[in-house]
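Next comes protein_16.cif, a file with mmCIF, C-alpha atoms.
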data_entry
loop_
_atom_site.group_PDB
_atom_site.id
_atom_site.type_symbol
_atom_site.label_atom_id
_atom_site.label_comp_id
_atom_site.auth_asym_id
_atom_site.auth_seq_id
_atom_site.Cartn_x
_atom_site.Cartn_y
_atom_site.Cartn_z
ATOM 1 C CA MET H 88 76.070 128.048 125.388
ATOM 2 C CA PHE H 89 77.180 131.378 126.822
ATOM 3 C CA SER H 90 80.815 132.325 127.486
ATOM 4 C CA MET H 91 81.661 134.338 130.569
ATOM 5 C CA GLU H 92 84.941 136.090 131.276
ATOM 6 C CA PRO H 93 86.182 137.231 134.719
ATOM 7 C CA ILE H 94 86.043 140.958 135.442
ATOM 8 C CA GLY H 95 88.320 140.568 138.464
ATOM 9 C CA VAL H 96 89.312 138.435 141.401
ATOM 10 C CA VAL H 97 88.399 138.114 145.098
ATOM 11 C CA ARG H 98 91.079 138.632 147.757
ATOM 12 C CA SER H 99 89.872 136.738 150.799
ATOM 13 C CA PRO H 100 91.357 135.341 154.017
ATOM 14 C CA TYR H 101 90.207 131.848 152.954
ATOM 15 C CA ALA H 102 92.678 129.688 151.042
ATOM 16 C CA GLU H 103 90.614 126.492 151.312
ATOM 17 C CA THR H 104 86.924 125.586 151.405
ATOM 18 C CA ALA H 105 87.279 124.081 154.906
ATOM 19 C CA GLN H 106 88.128 127.551 156.292
ATOM 20 C CA VAL H 107 84.879 129.192 155.146
ATOM 21 C CA PRO H 108 82.314 129.213 157.994
ATOM 22 C CA ARG H 109 79.474 126.857 157.088
ATOM 23 C CA GLY H 110 76.528 125.325 158.802
ATOM 24 C CA LEU H 111 73.702 126.596 160.921
ATOM 25 C CA GLY H 112 73.700 130.306 161.454
ATOM 26 C CA ALA H 113 77.055 130.745 159.735
ATOM 27 C CA GLU H 114 77.642 134.460 159.470
ATOM 28 C CA HIS H 115 80.141 135.984 157.151
ATOM 29 C CA HIS H 116 81.992 138.902 158.673
ATOM 30 C CA ALA H 117 85.326 138.335 156.950
ATOM 31 C CA GLU H 118 86.788 141.294 155.121
ATOM 32 C CA GLY H 119 88.252 141.051 151.669
ATOM 33 C CA VAL H 120 88.906 142.980 148.499
ATOM 34 C CA LEU H 121 87.242 142.748 145.105
ATOM 35 C CA GLU H 122 90.055 143.525 142.660
ATOM 36 C CA ILE H 123 88.457 144.578 139.408
ATOM 37 C CA LEU H 124 90.597 144.538 136.268
ATOM 38 C CA PRO H 125 91.800 148.062 135.334
ATOM 39 C CA GLN H 126 89.979 148.049 131.979
ATOM 40 C CA PHE H 127 86.645 147.772 133.825
ATOM 41 C CA GLU H 128 87.327 150.580 136.358
ATOM 42 C CA PRO H 129 84.946 153.107 134.681
ATOM 43 C CA GLY H 130 82.164 150.590 135.380
ATOM 44 C CA LEU H 131 82.629 151.230 139.117
ATOM 45 C CA THR H 132 81.685 154.930 138.846
ATOM 46 C CA ASP H 133 79.262 155.902 141.673
ATOM 47 C CA ILE H 134 79.359 152.476 143.291
ATOM 48 C CA GLU H 135 80.527 154.121 146.544
ATOM 49 C CA GLY H 136 76.954 155.279 147.225
ATOM 50 C CA PHE H 137 75.679 151.748 147.760
ATOM 51 C CA SER H 138 75.980 150.089 151.141
ATOM 52 C CA HIS H 139 75.539 146.532 149.865
ATOM 53 C CA LEU H 140 76.437 144.785 146.628
ATOM 54 C CA PHE H 141 75.600 141.520 144.938
ATOM 55 C CA VAL H 142 78.731 139.722 143.767
ATOM 56 C CA LEU H 143 78.378 136.999 141.125
ATOM 57 C CA TRP H 144 81.387 134.716 140.992
ATOM 58 C CA VAL H 145 82.506 131.293 139.841
ATOM 59 C CA PHE H 146 82.834 128.188 142.003
ATOM 60 C CA ASP H 147 86.056 127.633 140.083
ATOM 61 C CA ARG H 148 87.305 124.859 142.338
ATOM 62 C CA ALA H 149 84.130 122.748 142.120
ATOM 63 C CA SER H 150 83.876 120.111 139.423
ATOM 64 C CA GLY H 151 80.736 118.613 137.966
ATOM 65 C CA TYR H 152 77.333 118.828 139.606
ATOM 66 C CA GLU H 153 74.972 116.827 141.764
ATOM 67 C CA LEU H 154 71.207 117.379 141.397
ATOM 68 C CA LEU H 155 70.414 115.889 144.823
ATOM 69 C CA GLY H 156 72.881 116.391 147.637
ATOM 70 C CA THR H 157 73.069 116.559 151.415
ATOM 71 C CA PRO H 158 74.187 119.990 152.591
ATOM 72 C CA PRO H 159 76.564 120.276 155.579
ATOM 73 C CA VAL H 160 73.739 121.586 157.804
ATOM 74 C CA ASP H 161 71.351 118.658 157.263
ATOM 75 C CA THR H 162 71.320 114.869 157.104
ATOM 76 C CA ARG H 163 68.736 114.671 154.294
ATOM 77 C CA PRO H 164 69.340 115.340 150.606
ATOM 78 C CA HIS H 165 67.788 118.346 148.877
ATOM 79 C CA GLY H 166 67.633 119.502 145.266
ATOM 80 C CA VAL H 167 70.621 121.583 144.230
ATOM 81 C CA PHE H 168 68.348 124.554 143.350
ATOM 82 C CA ALA H 169 67.046 124.506 146.939
ATOM 83 C CA THR H 170 70.612 124.761 148.308
ATOM 84 C CA ARG H 171 73.742 126.851 147.850
ATOM 85 C CA SER H 172 75.859 123.824 146.897
ATOM 86 C CA PRO H 173 78.894 124.684 144.731
ATOM 87 C CA ARG H 174 78.241 121.595 142.583
ATOM 88 C CA ARG H 175 75.603 123.224 140.328
ATOM 89 C CA PRO H 176 74.911 122.841 136.591
ATOM 90 C CA ASN H 177 76.233 126.406 136.150
ATOM 91 C CA PRO H 178 78.688 126.941 139.024
ATOM 92 C CA ILE H 179 77.818 130.569 139.738
ATOM 93 C CA GLY H 180 78.077 131.791 143.327
ATOM 94 C CA LEU H 181 76.132 134.759 144.676
ATOM 95 C CA SER H 182 77.085 136.755 147.756
ATOM 96 C CA VAL H 183 75.775 139.927 149.329
ATOM 97 C CA VAL H 184 78.635 141.993 150.729
ATOM 98 C CA ARG H 185 78.845 145.305 152.524
ATOM 99 C CA LEU H 186 80.912 147.905 150.694
ATOM 100 C CA LEU H 187 83.428 149.496 153.079
ATOM 101 C CA GLY H 188 85.307 151.646 150.587
ATOM 102 C CA ARG H 189 86.840 151.976 147.162
ATOM 103 C CA ASP H 190 90.384 152.676 146.060
ATOM 104 C CA GLY H 191 90.461 152.854 142.254
ATOM 105 C CA CYS H 192 89.578 149.388 141.030
ATOM 106 C CA LYS H 193 89.750 147.820 144.506
ATOM 107 C CA LEU H 194 86.575 147.497 146.562
ATOM 108 C CA SER H 195 86.994 146.735 150.262
ATOM 109 C CA VAL H 196 84.067 144.671 151.454
ATOM 110 C CA ARG H 197 82.806 142.780 154.492
ATOM 111 C CA GLY H 198 81.007 139.475 154.290
ATOM 112 C CA VAL H 199 83.170 137.487 151.894
ATOM 113 C CA ASP H 200 82.518 133.748 151.776
ATOM 114 C CA MET H 201 84.583 133.123 148.663
ATOM 115 C CA LEU H 202 88.032 131.583 148.431
ATOM 116 C CA ASP H 203 91.074 133.723 147.712
ATOM 117 C CA GLY H 204 91.553 134.033 143.968
ATOM 118 C CA THR H 205 87.895 133.400 143.044
ATOM 119 C CA ALA H 206 86.938 134.791 139.623
ATOM 120 C CA ILE H 207 84.304 137.570 139.709
ATOM 121 C CA LEU H 208 81.731 137.700 136.891
ATOM 122 C CA ASP H 209 79.579 140.671 137.875
ATOM 123 C CA ILE H 210 78.754 143.215 140.560
ATOM 124 C CA LYS H 211 75.299 144.738 140.984
ATOM 125 C CA PRO H 212 73.817 147.187 143.463
ATOM 126 C CA TYR H 213 71.654 145.588 146.142
ATOM 127 C CA LEU H 214 68.427 147.562 146.058
ATOM 128 C CA SER H 215 65.727 146.023 148.170
ATOM 129 C CA SER H 216 64.804 143.548 150.847
ATOM 130 C CA ILE H 217 62.014 141.056 151.266
ATOM 131 C CA PRO H 218 60.258 141.800 154.582
ATOM 132 C CA ILE H 219 61.210 139.083 157.072
ATOM 133 C CA GLU H 220 57.547 138.317 157.790
ATOM 134 C CA GLU H 221 57.051 137.319 154.144
ATOM 135 C CA LEU H 222 60.080 135.064 153.963
ATOM 136 C CA ARG H 223 59.864 131.262 154.237
ATOM 137 C CA ARG H 224 63.117 129.346 154.125
ATOM 138 C CA GLY H 225 61.960 125.753 153.501
ATOM 139 C CA TRP H 226 64.035 122.861 154.788
ATOM 140 C CA LEU H 227 66.505 125.259 156.393
ATOM 141 C CA ASP H 228 63.807 126.517 158.772
ATOM 142 C CA ASP H 229 63.095 122.885 159.744
ATOM 143 C CA VAL H 230 66.770 122.166 160.399
ATOM 144 C CA GLU H 231 67.164 125.312 162.477
ATOM 145 C CA ALA H 232 63.994 124.563 164.482
ATOM 146 C CA SER H 233 65.263 121.011 165.251
ATOM 147 C CA ALA H 234 68.626 122.400 166.352
ATOM 148 C CA ARG H 235 66.866 124.866 168.666
ATOM 149 C CA ARG H 236 64.774 122.055 170.151
ATOM 150 C CA ARG H 237 67.896 119.927 170.731
ATOM 151 C CA ARG H 238 69.640 122.801 172.473
ATOM 152 C CA ALA H 239 66.550 123.447 174.643
ATOM 153 C CA ASP H 240 66.457 119.738 175.659
ATOM 154 C CA GLU H 241 70.091 119.680 176.723
ATOM 155 C CA MET I 154 86.607 131.757 130.095
ATOM 156 C CA PHE I 155 83.687 129.856 131.577
ATOM 157 C CA SER I 156 80.917 128.232 129.541
ATOM 158 C CA MET I 157 77.355 128.347 130.847
ATOM 159 C CA GLU I 158 74.433 126.331 129.554
ATOM 160 C CA PRO I 159 70.740 127.129 130.108
ATOM 161 C CA ILE I 160 68.871 124.965 132.638
ATOM 162 C CA GLY I 161 65.514 126.218 131.368
ATOM 163 C CA VAL I 162 63.551 129.125 130.022
ATOM 164 C CA VAL I 163 61.325 131.921 131.387
ATOM 165 C CA ARG I 164 57.677 132.158 130.275
ATOM 166 C CA SER I 165 56.707 135.777 130.773
ATOM 167 C CA PRO I 166 53.985 138.156 129.567
ATOM 168 C CA TYR I 167 56.702 140.409 128.092
ATOM 169 C CA ALA I 168 57.651 139.864 124.454
ATOM 170 C CA GLU I 169 59.717 143.057 124.182
ATOM 171 C CA THR I 170 61.924 145.137 126.456
ATOM 172 C CA ALA I 171 59.625 148.163 126.119
ATOM 173 C CA GLN I 172 56.834 146.221 127.889
ATOM 174 C CA VAL I 173 58.822 145.592 131.076
ATOM 175 C CA PRO I 174 57.992 148.236 133.718
ATOM 176 C CA ARG I 175 61.048 150.431 134.259
ATOM 177 C CA GLY I 176 61.864 153.631 135.975
ATOM 178 C CA LEU I 177 61.202 155.074 139.384
ATOM 179 C CA GLY I 178 59.431 152.756 141.758
ATOM 180 C CA ALA I 179 58.845 150.139 139.049
ATOM 181 C CA GLU I 180 57.352 147.149 140.789
ATOM 182 C CA HIS I 181 57.269 143.746 139.250
ATOM 183 C CA HIS I 182 54.045 141.903 139.948
ATOM 184 C CA ALA I 183 53.820 140.031 136.655
ATOM 185 C CA GLU I 184 53.331 136.290 136.889
ATOM 186 C CA GLY I 185 55.295 133.847 134.821
ATOM 187 C CA VAL I 186 56.651 130.331 134.743
ATOM 188 C CA LEU I 187 60.207 129.067 135.067
ATOM 189 C CA GLU I 188 60.293 126.013 132.808
ATOM 190 C CA ILE I 189 63.225 123.894 133.897
ATOM 191 C CA LEU I 190 64.502 121.232 131.486
ATOM 192 C CA PRO I 191 63.276 117.747 132.481
ATOM 193 C CA GLN I 192 66.789 116.406 133.070
ATOM 194 C CA PHE I 193 67.255 118.957 135.883
ATOM 195 C CA GLU I 194 63.932 118.252 137.652
ATOM 196 C CA PRO I 195 65.516 116.328 140.594
ATOM 197 C CA GLY I 196 67.405 119.557 141.377
ATOM 198 C CA LEU I 197 64.052 121.182 142.278
ATOM 199 C CA THR I 198 63.385 118.763 145.155
ATOM 200 C CA ASP I 199 62.144 120.669 148.259
ATOM 201 C CA ILE I 200 62.146 124.037 146.507
ATOM 202 C CA GLU I 201 58.419 124.386 147.367
ATOM 203 C CA GLY I 202 59.355 125.311 150.950
ATOM 204 C CA PHE I 203 60.927 128.607 149.922
ATOM 205 C CA SER I 204 58.811 131.709 149.482
ATOM 206 C CA HIS I 205 61.349 133.615 147.383
ATOM 207 C CA LEU I 206 63.995 132.567 144.885
ATOM 208 C CA PHE I 207 66.940 134.170 143.162
ATOM 209 C CA VAL I 208 66.849 133.570 139.420
ATOM 210 C CA LEU I 209 70.063 134.022 137.424
ATOM 211 C CA TRP I 210 69.430 134.438 133.722
ATOM 212 C CA VAL I 211 70.988 135.749 130.533
ATOM 213 C CA PHE I 212 70.324 139.140 128.915
ATOM 214 C CA ASP I 213 70.294 137.177 125.685
ATOM 215 C CA ARG I 214 68.921 140.041 123.593
ATOM 216 C CA ALA I 215 71.573 142.561 124.699
ATOM 217 C CA SER I 216 74.747 142.904 122.668
ATOM 218 C CA GLY I 217 78.074 144.246 123.816
ATOM 219 C CA TYR I 218 78.535 146.348 126.936
ATOM 220 C CA GLU I 219 78.891 149.936 128.040
ATOM 221 C CA LEU I 220 80.945 150.735 131.155
ATOM 222 C CA LEU I 221 79.293 154.136 131.664
ATOM 223 C CA GLY I 222 75.654 154.563 130.750
ATOM 224 C CA THR I 223 72.614 156.633 131.607
ATOM 225 C CA PRO I 224 69.837 154.500 133.096
ATOM 226 C CA PRO I 225 66.202 155.224 132.145
ATOM 227 C CA VAL I 226 65.507 156.678 135.606
ATOM 228 C CA ASP I 227 68.275 159.301 135.547
ATOM 229 C CA THR I 228 69.827 161.913 133.259
ATOM 230 C CA ARG I 229 73.397 161.334 134.457
ATOM 231 C CA PRO I 230 75.644 158.408 133.515
ATOM 232 C CA HIS I 231 76.684 155.818 136.112
ATOM 233 C CA GLY I 232 79.083 152.891 136.072
ATOM 234 C CA VAL I 233 77.524 149.679 134.805
ATOM 235 C CA PHE I 234 78.292 147.898 138.115
ATOM 236 C CA ALA I 235 76.251 150.575 139.932
ATOM 237 C CA THR I 236 73.240 149.890 137.671
ATOM 238 C CA ARG I 237 71.156 146.987 136.434
ATOM 239 C CA SER I 238 71.887 147.744 132.769
ATOM 240 C CA PRO I 239 71.626 144.718 130.461
ATOM 241 C CA ARG I 240 74.761 145.841 128.600
ATOM 242 C CA ARG I 241 77.257 144.323 131.071
ATOM 243 C CA PRO I 242 80.623 142.603 130.483
ATOM 244 C CA ASN I 243 78.938 139.330 131.510
ATOM 245 C CA PRO I 244 75.245 139.764 130.637
ATOM 246 C CA ILE I 245 73.813 137.955 133.668
ATOM 247 C CA GLY I 246 70.481 139.140 135.044
ATOM 248 C CA LEU I 247 69.389 138.593 138.635
ATOM 249 C CA SER I 248 65.779 138.687 139.831
ATOM 250 C CA VAL I 249 64.085 137.874 143.109
ATOM 251 C CA VAL I 250 60.732 136.200 142.498
ATOM 252 C CA ARG I 251 58.018 134.864 144.759
ATOM 253 C CA LEU I 252 57.371 131.152 144.305
ATOM 254 C CA LEU I 253 53.631 130.521 143.909
ATOM 255 C CA GLY I 254 53.727 126.795 143.169
ATOM 256 C CA ARG I 255 55.428 123.938 141.415
ATOM 257 C CA ASP I 256 54.122 121.459 138.872
ATOM 258 C CA GLY I 257 56.921 119.019 138.016
ATOM 259 C CA CYS I 258 59.614 121.054 136.307
ATOM 260 C CA LYS I 259 57.458 124.195 136.068
ATOM 261 C CA LEU I 260 57.683 126.837 138.774
ATOM 262 C CA SER I 261 54.919 129.452 138.854
ATOM 263 C CA VAL I 262 56.326 132.718 140.129
ATOM 264 C CA ARG I 263 55.367 136.343 140.672
ATOM 265 C CA GLY I 264 57.704 139.243 140.016
ATOM 266 C CA VAL I 265 59.129 138.400 136.609
ATOM 267 C CA ASP I 266 60.950 141.210 134.830
ATOM 268 C CA MET I 267 62.467 139.013 132.125
ATOM 269 C CA LEU I 268 61.389 138.685 128.518
ATOM 270 C CA ASP I 269 59.532 135.603 127.325
ATOM 271 C CA GLY I 270 62.026 132.951 126.259
ATOM 272 C CA THR I 271 64.901 134.203 128.447
ATOM 273 C CA ALA I 272 67.499 131.515 129.214
ATOM 274 C CA ILE I 273 67.795 130.588 132.906
ATOM 275 C CA LEU I 274 71.247 129.749 134.302
ATOM 276 C CA ASP I 275 70.550 129.030 137.960
ATOM 277 C CA ILE I 276 67.982 129.169 140.756
ATOM 278 C CA LYS I 277 68.927 129.625 144.401
ATOM 279 C CA PRO I 278 66.890 129.939 147.593
ATOM 280 C CA TYR I 279 66.593 133.494 148.906
ATOM 281 C CA LEU I 280 67.636 133.234 152.541
ATOM 282 C CA SER I 281 68.017 136.605 154.168
ATOM 283 C CA SER I 282 67.384 140.300 154.002
ATOM 284 C CA ILE I 283 69.464 143.360 154.733
ATOM 285 C CA PRO I 284 67.570 145.480 157.287
ATOM 286 C CA ILE I 285 66.179 148.525 155.504
ATOM 287 C CA GLU I 286 67.820 150.867 158.005
ATOM 288 C CA GLU I 287 71.252 149.569 156.951
ATOM 289 C CA LEU I 288 70.623 149.920 153.240
ATOM 290 C CA ARG I 289 71.963 152.849 151.182
ATOM 291 C CA ARG I 290 71.049 152.941 147.509
ATOM 292 C CA GLY I 291 73.458 155.514 146.089
ATOM 293 C CA TRP I 292 72.459 157.570 143.059
ATOM 294 C CA LEU I 293 69.027 155.924 142.988
ATOM 295 C CA ASP I 294 68.156 157.460 146.377
ATOM 296 C CA ASP I 295 69.135 160.876 144.957
ATOM 297 C CA VAL I 296 66.971 160.416 141.867
ATOM 298 C CA GLU I 297 64.001 159.301 143.938
ATOM 299 C CA ALA I 298 64.395 162.195 146.375
ATOM 300 C CA SER I 299 64.457 164.708 143.451
ATOM 301 C CA ALA I 300 61.339 163.132 141.976
ATOM 302 C CA ARG I 301 59.552 163.422 145.343
ATOM 303 C CA ARG I 302 60.564 167.093 145.605
ATOM 304 C CA ARG I 303 59.295 167.775 142.079
ATOM 305 C CA ARG I 304 55.970 166.122 142.866
ATOM 306 C CA ALA I 305 55.673 168.136 146.103
ATOM 307 C CA ASP I 306 56.342 171.385 144.187
ATOM 308 C CA GLU I 307 53.618 170.715 141.634
#

Take the structure in this file and express it as structure tokens.
Amino acid sequence: MFSMEPIGVVRSPYAETAQVPRGLGAEHHAEGVLEILPQFEPGLTDIEGFSHLFVLWVFDRASGYELLGTPPVDTRPHGVFATRSPRRPNPIGLSVVRLLGRDGCKLSVRGVDMLDGTAILDIKPYLSSIPIEELRRGWLDDVEASARRRRADE
Amino acid sequence: MFSMEPIGVVRSPYAETAQVPRGLGAEHHAEGVLEILPQFEPGLTDIEGFSHLFVLWVFDRASGYELLGTPPVDTRPHGVFATRSPRRPNPIGLSVVRLLGRDGCKLSVRGVDMLDGTAILDIKPYLSSIPIEELRRGWLDDVEASARRRRADE
């Protein structure tokens, strides 16, 4: 067992899960603030130079987990490790956000998909990308292809 | 405080930190196996369709943390949240690996940079990339540019 302690909190426009855009092609353009606790401020030194950050956070309003579940974008169940379901054995969320600016221990970011008040566990620089031609996205590609076919048939 | 429990363990060619490639342009091509505990195997359903995975794991051989530290690739200190230092307030590691195949609860992957026996906390599908032209990599870009200039001067 490992114990994790929040290093700060997310300020987001979303008070409830239902407000967070989900489903096919959901894009996250919402702006928010990562409020890091003052004692960790030295850890933010030089973070301004990075355009994008990984944020690790806690799905602190999810309870328990489900190994097989049907995500909102599909009608078939998939394994939890092949989805971004909040109901995971270790309820850690991962987001990539764009860093807009820093004011002391507050980081203004774009791309938040967390609820207001979410506990932050870690922040890391985002360093590289997988070339799009090497990326396969499993069942999500299938779901998106079916949706495109349905739209083309309409 | 949040308690996290391993879902499995990394099998890697690296027994010690000194064996993991580090420094400028370190690329991780090592192959390894993510051994997920049998009780979590249903959570792997459909994971085969994804080419790349995020692996969240524990720096379980690091102790304590350092808010300002000098990474192996630079001579100047940077904030821990602007580096991938193992000595973080919450010692969670994050790697992107390529999924080569699955045999029951064992995932063969390429790109491991973890030590053999590392505890795994979570696996998530890798879904998207930041276009390279939008990516800024802060102090690491500076270090790499200096290294290129030094090589050109030699």

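Shown here are all protein and nucleic acid residues lying within 8 Å of (91.8, 135.1, 152.0), with all atoms listed in the file considered: Arg98, Ser99, Pro100, Tyr101, Ala102, Gly119, Leu202 and Asp203 of chain H.
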
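Distance check against chain H using all atoms listed in the file: of I:Ile285, I:Val162, I:Ile189, I:Ala272, the minimum falls on I:Ile285.
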
Sorted per-residue table, chain I near chain H, closest atoms and distance, 8 Å, only C-alpha atoms, as CSV:
residue,atom,partner,partner_atom,distance
I:Met154,CA,H:Glu92,CA,4.8
I:Phe155,CA,H:Met91,CA,5.0
I:Ser156,CA,H:Ser90,CA,4.6
I:Met157,CA,H:Phe89,CA,5.0
I:Glu158,CA,H:Met88,CA,4.8
I:Pro159,CA,H:Met88,CA,7.2
I:Ile160,CA,H:Pro176,CA,7.5
I:Phe193,CA,H:Leu154,CA,7.0
I:Pro195,CA,H:Leu154,CA,5.8
I:Gly196,CA,H:Gly166,CA,3.9
I:Leu197,CA,H:Gly166,CA,5.0
I:Thr198,CA,H:Gly166,CA,4.3
I:Asp199,CA,H:His165,CA,6.1
I:Ile200,CA,H:Ala169,CA,4.9
I:Glu201,CA,H:Gly225,CA,7.2
I:Gly202,CA,H:Gly225,CA,3.7
I:Phe203,CA,H:Gly225,CA,4.7
I:Ser204,CA,H:Arg223,CA,4.9
I:His205,CA,H:Leu222,CA,6.9
I:Leu220,CA,H:Gly130,CA,4.4
I:Leu221,CA,H:Gly130,CA,5.9
I:His231,CA,H:Thr132,CA,5.8
I:Gly232,CA,H:Gly130,CA,3.9
I:Val233,CA,H:Gly130,CA,4.8
I:Phe234,CA,H:Lys211,CA,5.2
I:Ala235,CA,H:Ile134,CA,5.0
I:Thr236,CA,H:Pro212,CA,6.4
I:Arg237,CA,H:Lys211,CA,6.6
I:Pro242,CA,H:Ile94,CA,7.5
I:Asn243,CA,H:Met91,CA,5.8
I:Ile245,CA,H:Asp209,CA,7.6
I:Leu274,CA,H:Asn177,CA,6.3
I:Asp275,CA,H:Asn177,CA,6.5
I:Ile276,CA,H:Phe168,CA,5.3
I:Lys277,CA,H:Phe168,CA,5.2
I:Pro278,CA,H:Ala169,CA,5.5
I:Tyr279,CA,H:Arg224,CA,7.5
I:Leu280,CA,H:Arg224,CA,6.2
I:Ser281,CA,H:Ile219,CA,7.8
I:Ser282,CA,H:Ser216,CA,5.2
I:Ile283,CA,H:Ser216,CA,6.1
I:Pro284,CA,H:Ser216,CA,7.3
I:Ile285,CA,H:Ser216,CA,7.0
I:Glu287,CA,H:Ser138,CA,7.5
I:Leu288,CA,H:Ser138,CA,5.8
I:Arg289,CA,H:Ser138,CA,4.9
I:Arg290,CA,H:Phe137,CA,4.8
I:Gly291,CA,H:Gly136,CA,3.7
I:Trp292,CA,H:Gly136,CA,6.5

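In this structure, atom CA of H:Pro125 sits 21.3 Å away from atom CA of I:Thr223.
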
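In this model, the gap between atom CA of I:Arg255 and atom CA of H:Glu220 comes to 21.9 Å.
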
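The coordinates place atom CA of I:Glu169 at 9.7 Å from atom CA of I:Arg214.
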
### Message
I'd like the residues picked by the PyMOL selection byres ((chain H and resi 192-199) around 6) written out as a PyMOL selection string, using the chain letters and numbers from the file.
### Response
chain H and resi 115-123+128+184-191+200-201

Would you compute, for all listed atoms of stretch 172-178 of chain H, the axis-aligned bounding box grown by 4 Å on each side, and then report its centre and edge lengths in Å rounded to one decimal, as AutoDock Vina command-line options?
--center_x 76.9 --center_y 124.3 --center_z 141.5 --size_x 12.0 --size_y 13.3 --size_z 18.7

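For the choices H:Pro173, H:Leu124, H:Gly95, H:Gly204, the atom-to-atom distance to H:Pro159 is smallest for H:Pro173 when using all atoms listed in the file.
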